[in-house]
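Novice: Sharing run.tsv here; it has TSV, N, CA and C atoms.
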chain	number	residue	atom	x	y	z
A	1	MET	N	-54.27	89.42	-11.83
A	1	MET	CA	-52.83	89.22	-11.71
A	1	MET	C	-52.56	87.73	-11.55
A	2	GLU	N	-51.55	87.28	-12.20
A	2	GLU	CA	-51.17	85.88	-12.21
A	2	GLU	C	-50.67	85.44	-10.83
A	3	VAL	N	-51.03	84.22	-10.43
A	3	VAL	CA	-50.65	83.69	-9.12
A	3	VAL	C	-49.12	83.66	-8.97
A	4	LYS	N	-48.41	83.29	-10.02
A	4	LYS	CA	-46.95	83.23	-9.96
A	4	LYS	C	-46.36	84.60	-9.64
A	5	VAL	N	-46.89	85.65	-10.25
A	5	VAL	CA	-46.41	87.01	-10.01
A	5	VAL	C	-46.70	87.43	-8.58
A	6	ILE	N	-47.88	87.11	-8.09
A	6	ILE	CA	-48.25	87.44	-6.71
A	6	ILE	C	-47.31	86.75	-5.73
A	7	LEU	N	-47.04	85.48	-5.95
A	7	LEU	CA	-46.13	84.74	-5.08
A	7	LEU	C	-44.71	85.31	-5.12
A	8	GLN	N	-44.26	85.70	-6.30
A	8	GLN	CA	-42.93	86.31	-6.41
A	8	GLN	C	-42.86	87.60	-5.59
A	9	LYS	N	-43.90	88.40	-5.66
A	9	LYS	CA	-43.93	89.66	-4.91
A	9	LYS	C	-43.97	89.39	-3.41
A	10	ILE	N	-44.76	88.41	-2.99
A	10	ILE	CA	-44.86	88.07	-1.56
A	10	ILE	C	-43.52	87.60	-1.04
A	11	ILE	N	-42.87	86.73	-1.79
A	11	ILE	CA	-41.55	86.24	-1.37
A	11	ILE	C	-40.54	87.38	-1.34
A	12	ALA	N	-40.58	88.25	-2.34
A	12	ALA	CA	-39.67	89.40	-2.37
A	12	ALA	C	-39.87	90.28	-1.14
A	13	ILE	N	-41.12	90.53	-0.76
A	13	ILE	CA	-41.41	91.35	0.41
A	13	ILE	C	-40.91	90.67	1.69
A	14	MET	N	-41.13	89.36	1.80
A	14	MET	CA	-40.69	88.63	2.99
A	14	MET	C	-39.17	88.65	3.13
A	15	VAL	N	-38.46	88.38	2.06
A	15	VAL	CA	-37.00	88.35	2.11
A	15	VAL	C	-36.46	89.76	2.35
A	16	GLY	N	-37.00	90.74	1.63
A	16	GLY	CA	-36.58	92.12	1.85
A	16	GLY	C	-36.85	92.56	3.28
A	17	GLY	N	-38.00	92.16	3.82
A	17	GLY	CA	-38.35	92.51	5.20
A	17	GLY	C	-37.37	91.93	6.20
A	18	ALA	N	-36.94	90.70	5.97
A	18	ALA	CA	-35.97	90.08	6.87
A	18	ALA	C	-34.65	90.85	6.85
A	19	PHE	N	-34.17	91.19	5.66
A	19	PHE	CA	-32.92	91.95	5.56
A	19	PHE	C	-33.08	93.35	6.16
A	20	GLY	N	-34.23	93.98	5.94
A	20	GLY	CA	-34.46	95.30	6.49
A	20	GLY	C	-34.49	95.29	8.01
A	21	ALA	N	-35.16	94.29	8.58
A	21	ALA	CA	-35.25	94.19	10.04
A	21	ALA	C	-33.88	93.94	10.65
A	22	MET	N	-33.10	93.05	10.04
A	22	MET	CA	-31.75	92.79	10.55
A	22	MET	C	-30.87	94.03	10.43
A	23	SER	N	-31.02	94.75	9.33
A	23	SER	CA	-30.24	95.98	9.12
A	23	SER	C	-30.63	97.05	10.14
A	24	ARG	N	-31.92	97.17	10.39
A	24	ARG	CA	-32.40	98.15	11.38
A	24	ARG	C	-31.81	97.84	12.74
A	25	TYR	N	-31.89	96.59	13.15
A	25	TYR	CA	-31.37	96.19	14.46
A	25	TYR	C	-29.88	96.45	14.57
A	26	GLY	N	-29.13	96.00	13.57
A	26	GLY	CA	-27.68	96.17	13.60
A	26	GLY	C	-27.25	97.63	13.58
A	27	LEU	N	-27.86	98.41	12.71
A	27	LEU	CA	-27.50	99.82	12.60
A	27	LEU	C	-27.89	100.59	13.87
A	28	THR	N	-29.03	100.27	14.43
A	28	THR	CA	-29.46	100.93	15.66
A	28	THR	C	-28.49	100.62	16.80
A	29	LEU	N	-28.08	99.36	16.92
A	29	LEU	CA	-27.11	99.00	17.96
A	29	LEU	C	-25.78	99.72	17.75
A	30	LEU	N	-25.34	99.78	16.51
A	30	LEU	CA	-24.08	100.44	16.19
A	30	LEU	C	-24.13	101.92	16.56
A	31	VAL	N	-25.19	102.59	16.19
A	31	VAL	CA	-25.31	104.02	16.48
A	31	VAL	C	-25.46	104.24	17.98
A	32	ARG	N	-26.28	103.43	18.64
A	32	ARG	CA	-26.47	103.59	20.09
A	32	ARG	C	-25.16	103.40	20.86
A	33	SER	N	-24.30	102.53	20.37
A	33	SER	CA	-23.02	102.28	21.07
A	33	SER	C	-22.15	103.53	21.08
A	34	ASN	N	-22.39	104.46	20.17
A	34	ASN	CA	-21.63	105.71	20.14
A	34	ASN	C	-22.27	106.81	20.97
A	35	PHE	N	-23.48	106.59	21.45
A	35	PHE	CA	-24.21	107.60	22.25
A	35	PHE	C	-24.83	106.93	23.47
A	36	LYS	N	-24.01	106.26	24.26
A	36	LYS	CA	-24.50	105.42	25.36
A	36	LYS	C	-25.28	106.17	26.43
A	37	ASN	N	-24.91	107.39	26.73
A	37	ASN	CA	-25.54	108.13	27.83
A	37	ASN	C	-26.56	109.15	27.37
A	38	SER	N	-27.03	109.03	26.15
A	38	SER	CA	-27.96	110.02	25.61
A	38	SER	C	-29.40	109.53	25.70
A	39	ILE	N	-30.30	110.45	26.00
A	39	ILE	CA	-31.73	110.13	25.96
A	39	ILE	C	-32.28	110.25	24.55
A	40	PHE	N	-31.51	110.85	23.66
A	40	PHE	CA	-31.96	111.10	22.29
A	40	PHE	C	-31.86	109.82	21.47
A	41	PRO	N	-32.90	109.45	20.74
A	41	PRO	CA	-32.91	108.20	19.97
A	41	PRO	C	-32.16	108.31	18.63
A	42	TYR	N	-30.83	108.43	18.72
A	42	TYR	CA	-30.01	108.58	17.51
A	42	TYR	C	-30.14	107.39	16.56
A	43	GLY	N	-30.30	106.20	17.10
A	43	GLY	CA	-30.42	105.01	16.26
A	43	GLY	C	-31.66	105.05	15.38
A	44	THR	N	-32.79	105.38	15.98
A	44	THR	CA	-34.04	105.48	15.23
A	44	THR	C	-33.97	106.60	14.20
A	45	LEU	N	-33.43	107.73	14.61
A	45	LEU	CA	-33.28	108.85	13.67
A	45	LEU	C	-32.40	108.44	12.49
A	46	THR	N	-31.32	107.75	12.76
A	46	THR	CA	-30.40	107.33	11.70
A	46	THR	C	-31.08	106.41	10.70
A	47	VAL	N	-31.80	105.38	11.18
A	47	VAL	CA	-32.43	104.46	10.23
A	47	VAL	C	-33.56	105.14	9.47
A	48	ASN	N	-34.25	106.08	10.09
A	48	ASN	CA	-35.32	106.78	9.36
A	48	ASN	C	-34.77	107.72	8.30
A	49	VAL	N	-33.69	108.43	8.60
A	49	VAL	CA	-33.08	109.31	7.61
A	49	VAL	C	-32.49	108.48	6.47
A	50	LEU	N	-31.76	107.44	6.82
A	50	LEU	CA	-31.20	106.57	5.80
A	50	LEU	C	-32.31	105.95	4.94
A	51	GLY	N	-33.39	105.52	5.60
A	51	GLY	CA	-34.52	104.94	4.87
A	51	GLY	C	-35.15	105.93	3.90
A	52	ALA	N	-35.28	107.18	4.32
A	52	ALA	CA	-35.85	108.20	3.45
A	52	ALA	C	-34.95	108.46	2.24
A	53	LEU	N	-33.65	108.54	2.48
A	53	LEU	CA	-32.70	108.74	1.38
A	53	LEU	C	-32.76	107.57	0.40
A	54	LEU	N	-32.72	106.36	0.93
A	54	LEU	CA	-32.77	105.18	0.07
A	54	LEU	C	-34.10	105.07	-0.67
A	55	PHE	N	-35.19	105.43	0.01
A	55	PHE	CA	-36.50	105.37	-0.65
A	55	PHE	C	-36.55	106.34	-1.82
A	56	GLY	N	-36.05	107.55	-1.63
A	56	GLY	CA	-36.02	108.52	-2.72
A	56	GLY	C	-35.16	108.04	-3.88
A	57	PHE	N	-34.00	107.49	-3.57
A	57	PHE	CA	-33.10	106.96	-4.58
A	57	PHE	C	-33.77	105.85	-5.39
A	58	PHE	N	-34.31	104.85	-4.69
A	58	PHE	CA	-34.90	103.71	-5.38
A	58	PHE	C	-36.23	104.05	-6.05
A	59	TRP	N	-36.99	104.97	-5.46
A	59	TRP	CA	-38.25	105.36	-6.11
A	59	TRP	C	-37.97	105.97	-7.48
A	60	ALA	N	-36.91	106.78	-7.57
A	60	ALA	CA	-36.55	107.37	-8.87
A	60	ALA	C	-36.20	106.28	-9.87
A	61	ILE	N	-35.49	105.27	-9.43
A	61	ILE	CA	-35.12	104.16	-10.33
A	61	ILE	C	-36.37	103.39	-10.75
A	62	PHE	N	-37.20	103.04	-9.80
A	62	PHE	CA	-38.38	102.23	-10.11
A	62	PHE	C	-39.42	103.04	-10.89
A	63	PHE	N	-39.42	104.35	-10.72
A	63	PHE	CA	-40.31	105.21	-11.48
A	63	PHE	C	-39.93	105.18	-12.96
A	64	LYS	N	-38.62	105.17	-13.20
A	64	LYS	CA	-38.13	105.14	-14.58
A	64	LYS	C	-38.23	103.75	-15.19
A	65	TYR	N	-37.91	102.74	-14.41
A	65	TYR	CA	-37.91	101.35	-14.90
A	65	TYR	C	-39.06	100.58	-14.24
A	66	SER	N	-40.25	100.77	-14.75
A	66	SER	CA	-41.43	100.17	-14.12
A	66	SER	C	-41.54	98.67	-14.36
A	67	ASP	N	-40.66	98.10	-15.17
A	67	ASP	CA	-40.75	96.68	-15.48
A	67	ASP	C	-40.06	95.79	-14.43
A	68	ILE	N	-39.52	96.37	-13.39
A	68	ILE	CA	-38.84	95.58	-12.36
A	68	ILE	C	-39.65	95.60	-11.05
A	69	GLN	N	-40.90	95.20	-11.15
A	69	GLN	CA	-41.83	95.27	-10.03
A	69	GLN	C	-41.42	94.41	-8.84
A	70	VAL	N	-40.88	93.23	-9.08
A	70	VAL	CA	-40.51	92.36	-7.96
A	70	VAL	C	-39.41	93.02	-7.13
A	71	TRP	N	-38.46	93.66	-7.79
A	71	TRP	CA	-37.41	94.37	-7.06
A	71	TRP	C	-37.98	95.56	-6.29
A	72	ARG	N	-38.97	96.21	-6.87
A	72	ARG	CA	-39.62	97.33	-6.18
A	72	ARG	C	-40.26	96.84	-4.89
A	73	HIS	N	-40.91	95.69	-4.95
A	73	HIS	CA	-41.53	95.12	-3.75
A	73	HIS	C	-40.46	94.70	-2.73
A	74	PHE	N	-39.38	94.11	-3.21
A	74	PHE	CA	-38.29	93.69	-2.33
A	74	PHE	C	-37.70	94.89	-1.59
A	75	VAL	N	-37.36	95.93	-2.34
A	75	VAL	CA	-36.65	97.08	-1.76
A	75	VAL	C	-37.58	98.00	-0.97
A	76	LEU	N	-38.64	98.49	-1.62
A	76	LEU	CA	-39.46	99.53	-1.00
A	76	LEU	C	-40.38	98.99	0.10
A	77	ILE	N	-41.08	97.93	-0.20
A	77	ILE	CA	-42.05	97.41	0.78
A	77	ILE	C	-41.36	96.53	1.81
A	78	GLY	N	-40.51	95.60	1.33
A	78	GLY	CA	-39.86	94.67	2.24
A	78	GLY	C	-38.72	95.30	3.02
A	79	PHE	N	-37.62	95.61	2.31
A	79	PHE	CA	-36.42	96.09	2.99
A	79	PHE	C	-36.63	97.42	3.71
A	80	LEU	N	-37.07	98.44	2.97
A	80	LEU	CA	-37.20	99.76	3.59
A	80	LEU	C	-38.39	99.84	4.54
A	81	GLY	N	-39.42	99.04	4.28
A	81	GLY	CA	-40.54	98.98	5.22
A	81	GLY	C	-40.12	98.44	6.58
A	82	SER	N	-39.18	97.52	6.58
A	82	SER	CA	-38.66	96.97	7.84
A	82	SER	C	-37.54	97.82	8.42
A	83	LEU	N	-36.77	98.46	7.56
A	83	LEU	CA	-35.66	99.27	8.03
A	83	LEU	C	-36.15	100.51	8.77
A	84	THR	N	-37.10	101.20	8.19
A	84	THR	CA	-37.59	102.44	8.82
A	84	THR	C	-38.52	102.09	9.97
A	85	THR	N	-38.67	103.03	10.86
A	85	THR	CA	-39.26	102.68	12.15
A	85	THR	C	-40.25	103.73	12.65
A	86	PHE	N	-41.30	103.95	11.89
A	86	PHE	CA	-42.23	104.98	12.33
A	86	PHE	C	-42.87	104.65	13.67
A	87	SER	N	-43.13	103.37	13.92
A	87	SER	CA	-43.71	103.01	15.22
A	87	SER	C	-42.71	103.28	16.34
A	88	SER	N	-41.45	103.00	16.13
A	88	SER	CA	-40.43	103.30	17.13
A	88	SER	C	-40.26	104.80	17.30
A	89	TYR	N	-40.33	105.51	16.18
A	89	TYR	CA	-40.23	106.97	16.20
A	89	TYR	C	-41.34	107.55	17.08
A	90	THR	N	-42.55	107.08	16.89
A	90	THR	CA	-43.69	107.56	17.68
A	90	THR	C	-43.51	107.23	19.15
A	91	PHE	N	-43.07	106.01	19.43
A	91	PHE	CA	-42.85	105.59	20.81
A	91	PHE	C	-41.75	106.43	21.46
A	92	ASP	N	-40.65	106.65	20.75
A	92	ASP	CA	-39.57	107.46	21.29
A	92	ASP	C	-40.05	108.87	21.65
A	93	LEU	N	-40.86	109.46	20.76
A	93	LEU	CA	-41.43	110.78	21.06
A	93	LEU	C	-42.31	110.73	22.30
A	94	PHE	N	-43.16	109.73	22.39
A	94	PHE	CA	-44.05	109.56	23.54
A	94	PHE	C	-43.25	109.49	24.84
A	95	VAL	N	-42.21	108.67	24.86
A	95	VAL	CA	-41.40	108.51	26.06
A	95	VAL	C	-40.72	109.81	26.45
A	96	MET	N	-40.14	110.52	25.46
A	96	MET	CA	-39.47	111.79	25.77
A	96	MET	C	-40.46	112.81	26.34
A	97	ILE	N	-41.66	112.89	25.76
A	97	ILE	CA	-42.67	113.83	26.25
A	97	ILE	C	-43.14	113.42	27.64
A	98	LYS	N	-43.42	112.13	27.82
A	98	LYS	CA	-43.90	111.63	29.12
A	98	LYS	C	-42.87	111.88	30.23
A	99	GLN	N	-41.58	111.80	29.88
A	99	GLN	CA	-40.53	112.02	30.87
A	99	GLN	C	-40.15	113.49	31.02
A	100	GLY	N	-40.83	114.36	30.26
A	100	GLY	CA	-40.60	115.79	30.40
A	100	GLY	C	-39.43	116.33	29.58
A	101	HIS	N	-38.92	115.58	28.64
A	101	HIS	CA	-37.82	116.03	27.79
A	101	HIS	C	-38.40	116.72	26.55
A	102	TYR	N	-39.06	117.85	26.78
A	102	TYR	CA	-39.81	118.52	25.71
A	102	TYR	C	-38.91	119.08	24.61
A	103	THR	N	-37.78	119.64	24.99
A	103	THR	CA	-36.87	120.19	23.98
A	103	THR	C	-36.31	119.08	23.09
A	104	ALA	N	-35.87	117.99	23.70
A	104	ALA	CA	-35.34	116.86	22.92
A	104	ALA	C	-36.44	116.28	22.02
A	105	ALA	N	-37.67	116.19	22.54
A	105	ALA	CA	-38.78	115.66	21.74
A	105	ALA	C	-39.07	116.57	20.54
A	106	ALA	N	-39.09	117.86	20.78
A	106	ALA	CA	-39.35	118.81	19.69
A	106	ALA	C	-38.24	118.75	18.64
A	107	LEU	N	-37.00	118.69	19.11
A	107	LEU	CA	-35.87	118.60	18.19
A	107	LEU	C	-35.94	117.31	17.37
A	108	TYR	N	-36.24	116.22	18.02
A	108	TYR	CA	-36.35	114.92	17.34
A	108	TYR	C	-37.47	114.94	16.31
A	109	PHE	N	-38.61	115.51	16.68
A	109	PHE	CA	-39.75	115.62	15.77
A	109	PHE	C	-39.37	116.42	14.52
A	110	ILE	N	-38.77	117.58	14.74
A	110	ILE	CA	-38.40	118.46	13.62
A	110	ILE	C	-37.33	117.82	12.75
A	111	LEU	N	-36.27	117.31	13.39
A	111	LEU	CA	-35.19	116.69	12.62
A	111	LEU	C	-35.68	115.49	11.81
A	112	SER	N	-36.46	114.64	12.44
A	112	SER	CA	-36.95	113.44	11.75
A	112	SER	C	-37.78	113.81	10.53
A	113	ASN	N	-38.69	114.71	10.70
A	113	ASN	CA	-39.58	115.06	9.59
A	113	ASN	C	-38.89	115.88	8.51
A	114	VAL	N	-38.14	116.89	8.91
A	114	VAL	CA	-37.50	117.76	7.92
A	114	VAL	C	-36.37	117.03	7.19
A	115	ILE	N	-35.48	116.39	7.92
A	115	ILE	CA	-34.34	115.73	7.28
A	115	ILE	C	-34.81	114.58	6.39
A	116	CYS	N	-35.78	113.81	6.85
A	116	CYS	CA	-36.27	112.70	6.03
A	116	CYS	C	-36.95	113.20	4.76
A	117	LEU	N	-37.75	114.23	4.87
A	117	LEU	CA	-38.42	114.77	3.68
A	117	LEU	C	-37.42	115.38	2.71
A	118	VAL	N	-36.51	116.18	3.22
A	118	VAL	CA	-35.48	116.78	2.37
A	118	VAL	C	-34.60	115.69	1.77
A	119	GLY	N	-34.23	114.70	2.56
A	119	GLY	CA	-33.41	113.60	2.06
A	119	GLY	C	-34.09	112.84	0.94
A	120	PHE	N	-35.39	112.59	1.11
A	120	PHE	CA	-36.13	111.89	0.07
A	120	PHE	C	-36.11	112.69	-1.23
A	121	PHE	N	-36.44	113.98	-1.15
A	121	PHE	CA	-36.46	114.83	-2.34
A	121	PHE	C	-35.09	114.89	-3.00
A	122	LEU	N	-34.04	115.11	-2.22
A	122	LEU	CA	-32.70	115.20	-2.79
A	122	LEU	C	-32.30	113.89	-3.47
A	123	ALA	N	-32.54	112.78	-2.80
A	123	ALA	CA	-32.17	111.49	-3.38
A	123	ALA	C	-32.97	111.22	-4.65
A	124	PHE	N	-34.26	111.53	-4.63
A	124	PHE	CA	-35.09	111.30	-5.82
A	124	PHE	C	-34.62	112.14	-6.99
A	125	PHE	N	-34.47	113.43	-6.79
A	125	PHE	CA	-34.12	114.31	-7.90
A	125	PHE	C	-32.69	114.08	-8.39
A	126	PHE	N	-31.76	113.79	-7.47
A	126	PHE	CA	-30.40	113.48	-7.89
A	126	PHE	C	-30.37	112.20	-8.72
A	127	THR	N	-31.09	111.19	-8.27
A	127	THR	CA	-31.12	109.92	-8.99
A	127	THR	C	-31.83	110.08	-10.32
A	128	GLU	N	-32.93	110.81	-10.33
A	128	GLU	CA	-33.66	111.05	-11.58
A	128	GLU	C	-32.76	111.76	-12.60
A	129	LYS	N	-32.02	112.76	-12.15
A	129	LYS	CA	-31.12	113.49	-13.04
A	129	LYS	C	-30.00	112.58	-13.54
A	130	MET	N	-29.46	111.76	-12.65
A	130	MET	CA	-28.40	110.83	-13.03
A	130	MET	C	-28.91	109.83	-14.07
A	131	LEU	N	-30.12	109.33	-13.86
A	131	LEU	CA	-30.68	108.37	-14.81
A	131	LEU	C	-30.92	109.00	-16.19
A	132	LYS	N	-31.33	110.25	-16.19
A	132	LYS	CA	-31.54	110.95	-17.48
A	132	LYS	C	-30.23	111.13	-18.21
A	133	SER	N	-29.16	111.37	-17.48
A	133	SER	CA	-27.86	111.57	-18.13
A	133	SER	C	-27.31	110.26	-18.71
A	134	LEU	N	-27.79	109.12	-18.21
A	134	LEU	CA	-27.33	107.83	-18.72
A	134	LEU	C	-28.02	107.42	-20.01
A	135	THR	N	-29.16	108.04	-20.31
A	135	THR	CA	-29.90	107.65	-21.51
A	135	THR	C	-29.67	108.60	-22.66
Rewrite the coordinates I just gave you, this time as structure tokens.

Specialist:
Amino acid sequence: MEVKVILQKIIAIMVGGAFGAMSRYGLTLLVRSNFKNSIFPYGTLTVNVLGALLFGFFWAIFFKYSDIQVWRHFVLIGFLGSLTTFSSYTFDLFVMIKQGHYTAAALYFILSNVICLVGFFLAFFFTEKMLKSLT
């Protein structure tokens, strides 16, 4: 692989990561401000569900248009890699279990996994169908 292409991808990942991290922080604060007294991590759940939906949407686009690799690195690896929060998700589950909030932890586990997986599939197939109708 050409050095220029590698550098373009690295820069795309770095810039996308910065935007994803800022978006994660801002969106999490916004969501938390609406659920101030809750032990449930609505902010983390929101960014993970949104990230899954966006990943499915963009994966369908990049699957069809494989010639836009730098954008794929910017969006999927950089932006969405920073936006989604699996490490925070795991920590939130750990804290809820450690504090004895077993029902909330189970609900969070199920919602995060099911909604994110379903969201990814729906976004991918909807986008794939939309792209086929455009050609």

Novice: Enclose range 52-68 of chain A, meaning all of its atoms listed in the file, in a box aligned along x, y and z, pad it by 6 Å on each side, and list the centre and edge lengths in Å to one decimal, as AutoDock Vina command-line options.

Specialist:
--center_x -37.1 --center_y 102.2 --center_z -5.6 --size_x 20.8 --size_y 25.2 --size_z 31.8

Novice: Point out the residue among A:Ile13, A:Gly20, A:Gly26, A:Pro41 with the least atom-to-atom distance to Ala104 in chain A, counting all atoms listed in the file.

Specialist: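 Result for the nearest residue to Ala104 in chain A: A:Pro41.
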
Novice: I'd like the neighbourhood of Ile61 in chain A as a list in words, where a residue qualifies if any of its atoms comes within 8 Å (using only C-alpha atoms), though same-chain residues fewer than 3 positions away should be ignored.

Specialist: Phe57, Phe58, Lys64, Tyr65, Thr127, Glu128 and Leu131 of chain A

Novice: What separation in Å, quoted to one decimal, exists between CA of Gly119 in chain A and CA of Ser66 in chain A?

Specialist: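 Atom-to-atom, CA of Gly119 in chain A to CA of Ser66 in chain A, that is 22.5 Å.
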
Novice: Measure the distance from CA of Ser82 in chain A to CA of Gln8 in chain A in Å and round it to one decimal.

Specialist: 18.3 Å

Novice: Apply DSSP to the structure's backbone, then extract all residues of range 53-105 of chain A labelled helix (DSSP H, G or I) and return them as a ChimeraX atom specification.

Specialist: /A:53-64,69-83,86-98,102-105

Novice: Based on the selection just made, write N, CA and C atoms of those residues as a tab-separated table (two decimals), keeping the file's coordinate frame.

Specialist:
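Below is the file that was written, out.tsv:
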chain	number	residue	atom	x	y	z
A	53	LEU	N	-33.65	108.54	2.48
A	53	LEU	CA	-32.70	108.74	1.38
A	53	LEU	C	-32.76	107.57	0.40
A	54	LEU	N	-32.72	106.36	0.93
A	54	LEU	CA	-32.77	105.18	0.07
A	54	LEU	C	-34.10	105.07	-0.67
A	55	PHE	N	-35.19	105.43	0.01
A	55	PHE	CA	-36.50	105.37	-0.65
A	55	PHE	C	-36.55	106.34	-1.82
A	56	GLY	N	-36.05	107.55	-1.63
A	56	GLY	CA	-36.02	108.52	-2.72
A	56	GLY	C	-35.16	108.04	-3.88
A	57	PHE	N	-34.00	107.49	-3.57
A	57	PHE	CA	-33.10	106.96	-4.58
A	57	PHE	C	-33.77	105.85	-5.39
A	58	PHE	N	-34.31	104.85	-4.69
A	58	PHE	CA	-34.90	103.71	-5.38
A	58	PHE	C	-36.23	104.05	-6.05
A	59	TRP	N	-36.99	104.97	-5.46
A	59	TRP	CA	-38.25	105.36	-6.11
A	59	TRP	C	-37.97	105.97	-7.48
A	60	ALA	N	-36.91	106.78	-7.57
A	60	ALA	CA	-36.55	107.37	-8.87
A	60	ALA	C	-36.20	106.28	-9.87
A	61	ILE	N	-35.49	105.27	-9.43
A	61	ILE	CA	-35.12	104.16	-10.33
A	61	ILE	C	-36.37	103.39	-10.75
A	62	PHE	N	-37.20	103.04	-9.80
A	62	PHE	CA	-38.38	102.23	-10.11
A	62	PHE	C	-39.42	103.04	-10.89
A	63	PHE	N	-39.42	104.35	-10.72
A	63	PHE	CA	-40.31	105.21	-11.48
A	63	PHE	C	-39.93	105.18	-12.96
A	64	LYS	N	-38.62	105.17	-13.20
A	64	LYS	CA	-38.13	105.14	-14.58
A	64	LYS	C	-38.23	103.75	-15.19
A	69	GLN	N	-40.90	95.20	-11.15
A	69	GLN	CA	-41.83	95.27	-10.03
A	69	GLN	C	-41.42	94.41	-8.84
A	70	VAL	N	-40.88	93.23	-9.08
A	70	VAL	CA	-40.51	92.36	-7.96
A	70	VAL	C	-39.41	93.02	-7.13
A	71	TRP	N	-38.46	93.66	-7.79
A	71	TRP	CA	-37.41	94.37	-7.06
A	71	TRP	C	-37.98	95.56	-6.29
A	72	ARG	N	-38.97	96.21	-6.87
A	72	ARG	CA	-39.62	97.33	-6.18
A	72	ARG	C	-40.26	96.84	-4.89
A	73	HIS	N	-40.91	95.69	-4.95
A	73	HIS	CA	-41.53	95.12	-3.75
A	73	HIS	C	-40.46	94.70	-2.73
A	74	PHE	N	-39.38	94.11	-3.21
A	74	PHE	CA	-38.29	93.69	-2.33
A	74	PHE	C	-37.70	94.89	-1.59
A	75	VAL	N	-37.36	95.93	-2.34
A	75	VAL	CA	-36.65	97.08	-1.76
A	75	VAL	C	-37.58	98.00	-0.97
A	76	LEU	N	-38.64	98.49	-1.62
A	76	LEU	CA	-39.46	99.53	-1.00
A	76	LEU	C	-40.38	98.99	0.10
A	77	ILE	N	-41.08	97.93	-0.20
A	77	ILE	CA	-42.05	97.41	0.78
A	77	ILE	C	-41.36	96.53	1.81
A	78	GLY	N	-40.51	95.60	1.33
A	78	GLY	CA	-39.86	94.67	2.24
A	78	GLY	C	-38.72	95.30	3.02
A	79	PHE	N	-37.62	95.61	2.31
A	79	PHE	CA	-36.42	96.09	2.99
A	79	PHE	C	-36.63	97.42	3.71
A	80	LEU	N	-37.07	98.44	2.97
A	80	LEU	CA	-37.20	99.76	3.59
A	80	LEU	C	-38.39	99.84	4.54
A	81	GLY	N	-39.42	99.04	4.28
A	81	GLY	CA	-40.54	98.98	5.22
A	81	GLY	C	-40.12	98.44	6.58
A	82	SER	N	-39.18	97.52	6.58
A	82	SER	CA	-38.66	96.97	7.84
A	82	SER	C	-37.54	97.82	8.42
A	83	LEU	N	-36.77	98.46	7.56
A	83	LEU	CA	-35.66	99.27	8.03
A	83	LEU	C	-36.15	100.51	8.77
A	86	PHE	N	-41.30	103.95	11.89
A	86	PHE	CA	-42.23	104.98	12.33
A	86	PHE	C	-42.87	104.65	13.67
A	87	SER	N	-43.13	103.37	13.92
A	87	SER	CA	-43.71	103.01	15.22
A	87	SER	C	-42.71	103.28	16.34
A	88	SER	N	-41.45	103.00	16.13
A	88	SER	CA	-40.43	103.30	17.13
A	88	SER	C	-40.26	104.80	17.30
A	89	TYR	N	-40.33	105.51	16.18
A	89	TYR	CA	-40.23	106.97	16.20
A	89	TYR	C	-41.34	107.55	17.08
A	90	THR	N	-42.55	107.08	16.89
A	90	THR	CA	-43.69	107.56	17.68
A	90	THR	C	-43.51	107.23	19.15
A	91	PHE	N	-43.07	106.01	19.43
A	91	PHE	CA	-42.85	105.59	20.81
A	91	PHE	C	-41.75	106.43	21.46
A	92	ASP	N	-40.65	106.65	20.75
A	92	ASP	CA	-39.57	107.46	21.29
A	92	ASP	C	-40.05	108.87	21.65
A	93	LEU	N	-40.86	109.46	20.76
A	93	LEU	CA	-41.43	110.78	21.06
A	93	LEU	C	-42.31	110.73	22.30
A	94	PHE	N	-43.16	109.73	22.39
A	94	PHE	CA	-44.05	109.56	23.54
A	94	PHE	C	-43.25	109.49	24.84
A	95	VAL	N	-42.21	108.67	24.86
A	95	VAL	CA	-41.40	108.51	26.06
A	95	VAL	C	-40.72	109.81	26.45
A	96	MET	N	-40.14	110.52	25.46
A	96	MET	CA	-39.47	111.79	25.77
A	96	MET	C	-40.46	112.81	26.34
A	97	ILE	N	-41.66	112.89	25.76
A	97	ILE	CA	-42.67	113.83	26.25
A	97	ILE	C	-43.14	113.42	27.64
A	98	LYS	N	-43.42	112.13	27.82
A	98	LYS	CA	-43.90	111.63	29.12
A	98	LYS	C	-42.87	111.88	30.23
A	102	TYR	N	-39.06	117.85	26.78
A	102	TYR	CA	-39.81	118.52	25.71
A	102	TYR	C	-38.91	119.08	24.61
A	103	THR	N	-37.78	119.64	24.99
A	103	THR	CA	-36.87	120.19	23.98
A	103	THR	C	-36.31	119.08	23.09
A	104	ALA	N	-35.87	117.99	23.70
A	104	ALA	CA	-35.34	116.86	22.92
A	104	ALA	C	-36.44	116.28	22.02
A	105	ALA	N	-37.67	116.19	22.54
A	105	ALA	CA	-38.78	115.66	21.74
A	105	ALA	C	-39.07	116.57	20.54

Novice: Which of these residues is nearest to Tyr42 in chain A, using all atoms listed in the file: A:Leu54, A:Val114, A:Thr28, A:Phe79?

Specialist: A:Thr28
